[in-house]
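**Q** Questions regarding the structure given below will be posed in turn.
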Amino acid sequence: MNGKTVAISNTIMTELVMPNDTNPLGNLMGGNLMRWMDIAGGICAARHSESFVVTASVDHVSFSDSVKVGEIVTLNASITRAFNSSMEVYIEVFTATIPDQKPRKSNHAYLTFVALDKATMKPKLVPPVIPLTEEEEKRYEGAVRRRELRLILSGRMEAKDAKDLRDYFNKL
Ligand SMILES: CC(C)(COP(=O)(O)OP(=O)(O)OC[C@H]1O[C@@H](n2cnc3c(N)ncnc32)[C@H](O)[C@@H]1OP(=O)(O)O)[C@@H](O)C(=O)NCCC(=O)NCCS
């Protein structure tokens, strides 16, 4: 299967934070942001694999900065690496106020999507990723360790011993 570059499936999604998206303090609810991250990441993975995809896992997401009603949220989803049927997608979130429009980074996360065959609804092979830039190369290399860690944490892979886990954390 021919590889595809990161740029081919890069997905940028922009949302305006409306009152309905916020909590009583007027801040964007974390669950709404995660929903948008899931959609942007899912579109990116679907574009790369040219398939239906499902979300298999969401890595650690932290909210360091609140996002206010009326702000503009931009999500940038890029595939980092494809394995067999699974794809890791890196999503960065930027927020800007309408008057100055200077974006500030709000958070980021890695999500994993699995491509499904339309007829059988079983996982199907996806094209490899061709990293081109230094940043893409770095994320591509790191994806193997992140995948191992999330498979261990989800009980799908056994850590051979505690030293393995320490190494995983040190290299993240
Ligand atoms: C994700 C899913 C398709 C995996 O199906 P499965 O029968 O376990 O298939 P496999 O064991 O062959 O795994 C398929 C791939 O998923 C990956 N995977 C499975 N669980 C994972 C997890 N928790 N985190 C990361 N990757 C995972 C496997 O590593 C494998 O990747 P690879 O093919 O690149 O090697 C299945 O668990 C599923 O449909 N889950 C529900 C998805 C969903 O509905 N998401 C929305 C939540 S509301």
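Each chain of the structure tokens is named A, B, ... in the order shown, its residues numbered from 1; ligands are numbered from 1 in display order.
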When DSSP is applied to the backbone of this structure, which of range 19-167 of chain A are assigned strand (DSSP E)? Write them out as number ranges by chain.

**A** A: 52-58, 72-82, 86-96, 104-116, 129-130

**Q** Would you save the residues from that selection as a PDB file, in the first residue's frame, using C-alpha atoms?

**A**
ATOM      1  CA  PHE A  52     -14.957   4.845   8.177  1.00  0.00           C
ATOM      2  CA  VAL A  53     -13.084   5.129  11.458  1.00  0.00           C
ATOM      3  CA  VAL A  54     -13.883   4.681  15.148  1.00  0.00           C
ATOM      4  CA  THR A  55     -12.148   6.244  18.129  1.00  0.00           C
ATOM      5  CA  ALA A  56     -10.131   3.568  19.927  1.00  0.00           C
ATOM      6  CA  SER A  57      -8.532   5.749  22.605  1.00  0.00           C
ATOM      7  CA  VAL A  58      -7.905   9.273  23.806  1.00  0.00           C
ATOM      8  CA  ILE A  72     -12.699  31.305  18.440  1.00  0.00           C
ATOM      9  CA  VAL A  73     -11.346  27.769  18.814  1.00  0.00           C
ATOM     10  CA  THR A  74      -9.201  26.288  16.063  1.00  0.00           C
ATOM     11  CA  LEU A  75      -8.322  22.595  16.076  1.00  0.00           C
ATOM     12  CA  ASN A  76      -5.447  21.328  13.983  1.00  0.00           C
ATOM     13  CA  ALA A  77      -5.437  17.540  13.518  1.00  0.00           C
ATOM     14  CA  SER A  78      -2.440  15.792  11.920  1.00  0.00           C
ATOM     15  CA  ILE A  79      -1.756  12.098  11.573  1.00  0.00           C
ATOM     16  CA  THR A  80       1.529  11.085  13.188  1.00  0.00           C
ATOM     17  CA  ARG A  81       1.763   7.417  12.252  1.00  0.00           C
ATOM     18  CA  ALA A  82      -0.309   4.517  10.981  1.00  0.00           C
ATOM     19  CA  SER A  86      -4.883   2.034  13.747  1.00  0.00           C
ATOM     20  CA  MET A  87      -3.746   5.625  13.294  1.00  0.00           C
ATOM     21  CA  GLU A  88      -2.435   8.061  15.865  1.00  0.00           C
ATOM     22  CA  VAL A  89      -3.630  11.645  15.337  1.00  0.00           C
ATOM     23  CA  TYR A  90      -2.124  14.676  17.106  1.00  0.00           C
ATOM     24  CA  ILE A  91      -4.582  17.463  17.814  1.00  0.00           C
ATOM     25  CA  GLU A  92      -3.573  20.952  18.856  1.00  0.00           C
ATOM     26  CA  VAL A  93      -6.147  23.449  20.057  1.00  0.00           C
ATOM     27  CA  PHE A  94      -5.681  27.213  19.697  1.00  0.00           C
ATOM     28  CA  THR A  95      -7.971  29.872  21.112  1.00  0.00           C
ATOM     29  CA  ALA A  96      -8.317  33.512  20.070  1.00  0.00           C
ATOM     30  CA  ARG A 104      -2.899  30.996  22.196  1.00  0.00           C
ATOM     31  CA  LYS A 105      -2.409  27.266  22.525  1.00  0.00           C
ATOM     32  CA  SER A 106      -5.034  25.833  24.874  1.00  0.00           C
ATOM     33  CA  ASN A 107      -4.161  22.158  24.848  1.00  0.00           C
ATOM     34  CA  HIS A 108      -3.249  19.128  22.776  1.00  0.00           C
ATOM     35  CA  ALA A 109      -3.840  15.396  22.785  1.00  0.00           C
ATOM     36  CA  TYR A 110      -3.141  12.200  20.893  1.00  0.00           C
ATOM     37  CA  LEU A 111      -6.149  10.199  19.755  1.00  0.00           C
ATOM     38  CA  THR A 112      -6.132   6.767  18.162  1.00  0.00           C
ATOM     39  CA  PHE A 113      -8.604   5.810  15.438  1.00  0.00           C
ATOM     40  CA  VAL A 114      -9.164   2.435  13.803  1.00  0.00           C
ATOM     41  CA  ALA A 115     -10.282   2.094  10.174  1.00  0.00           C
ATOM     42  CA  LEU A 116     -13.139  -0.312   9.557  1.00  0.00           C
ATOM     43  CA  VAL A 129       2.437   7.742   6.885  1.00  0.00           C
ATOM     44  CA  ILE A 130       5.340   9.494   5.156  1.00  0.00           C
TER      45      ILE A 130
END

**Q** Pick out the residues sitting within 12 Å of Pro19 in chain A, and hand them over as a ChimeraX atom specification; count only C-alpha atoms, and ignore anything fewer than 6 positions along from it in its own chain.

**A** /A:25-29,32,67-71

**Q** Could you write those residues out with C-alpha atoms, as a compact mmCIF listing (two decimals), in the first residue's frame?

**A**
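After the write, part-v3.txt holds the following:
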# COMPACT_ATOMS: atom_id res chain seq x y z
CA LEU A 25 -19.04 30.50 34.54
CA GLY A 26 -19.13 31.17 30.79
CA ASN A 27 -16.20 28.83 30.09
CA LEU A 28 -16.21 26.20 27.36
CA MET A 29 -17.07 22.81 28.86
CA ASN A 32 -17.49 19.96 24.28
CA VAL A 67 -11.81 29.19 26.95
CA LYS A 68 -14.48 31.90 27.17
CA VAL A 69 -17.81 32.30 25.44
CA GLY A 70 -17.36 34.28 22.20
CA GLU A 71 -13.80 33.05 21.61

**Q** Could you check which of A:Lys160, A:His60, A:Arg145, A:Lys122 is closest to ligand 1, using only C-alpha atoms and all ligand atoms?

**A** A:Lys122

**Q** So, counting only C-alpha atoms and all ligand atoms, which residue among A:Ala143, A:Leu151, A:Ala45, A:Ile8 is closest to ligand 1?

**A** A:Leu151

**Q** With only C-alpha atoms and all ligand atoms as the atoms that count, which of A:Leu132, A:Ile39, A:Val61, A:Leu16 lies nearest to ligand 1?

**A**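 Of A:Leu132, A:Ile39, A:Val61, A:Leu16, the one nearest ligand 1 is A:Ile39, counting only C-alpha atoms and all ligand atoms.
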
**Q** What lies within 7 Å of Pro131 in chain A using only C-alpha atoms, ignoring chain neighbours under 6 positions off, as a PyMOL selection string?

**A** chain A and resi 5-6+137+140

**Q** Please return as a ChimeraX atom specification: the residues of range 35-116 of chain A that backbone DSSP assigns to helix (DSSP H, G or I).

**A** /A:35-49

**Q** Determine the nearest neighbour of Arg146 in chain A from the options A:Asp100, A:Glu134, A:Asp59, A:Asp65, counting only C-alpha atoms.

**A**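 Counting only C-alpha atoms, the residue closest to Arg146 in chain A is A:Asp59.
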
**Q** Pick the closest to ligand 1 from A:Glu136, A:Glu148, A:Glu158, A:Glu141: which is it, counting only C-alpha atoms and all ligand atoms?

**A**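 Checking each candidate against ligand 1, we get A:Glu148 as the closest.
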
**Q** Pick out the closest residue to ligand 1 from this set: A:Ser49, A:Thr97, A:Thr133, A:Ser62. Count only C-alpha atoms and all ligand atoms.

**A**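 Of the candidates, the smallest distance to ligand 1 is held by A:Ser49.
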
**Q** By how many Å are CA of Val17 in chain A and CA of Trp36 in chain A apart?

**A**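 Distance between the two atoms: 11.3 Å.
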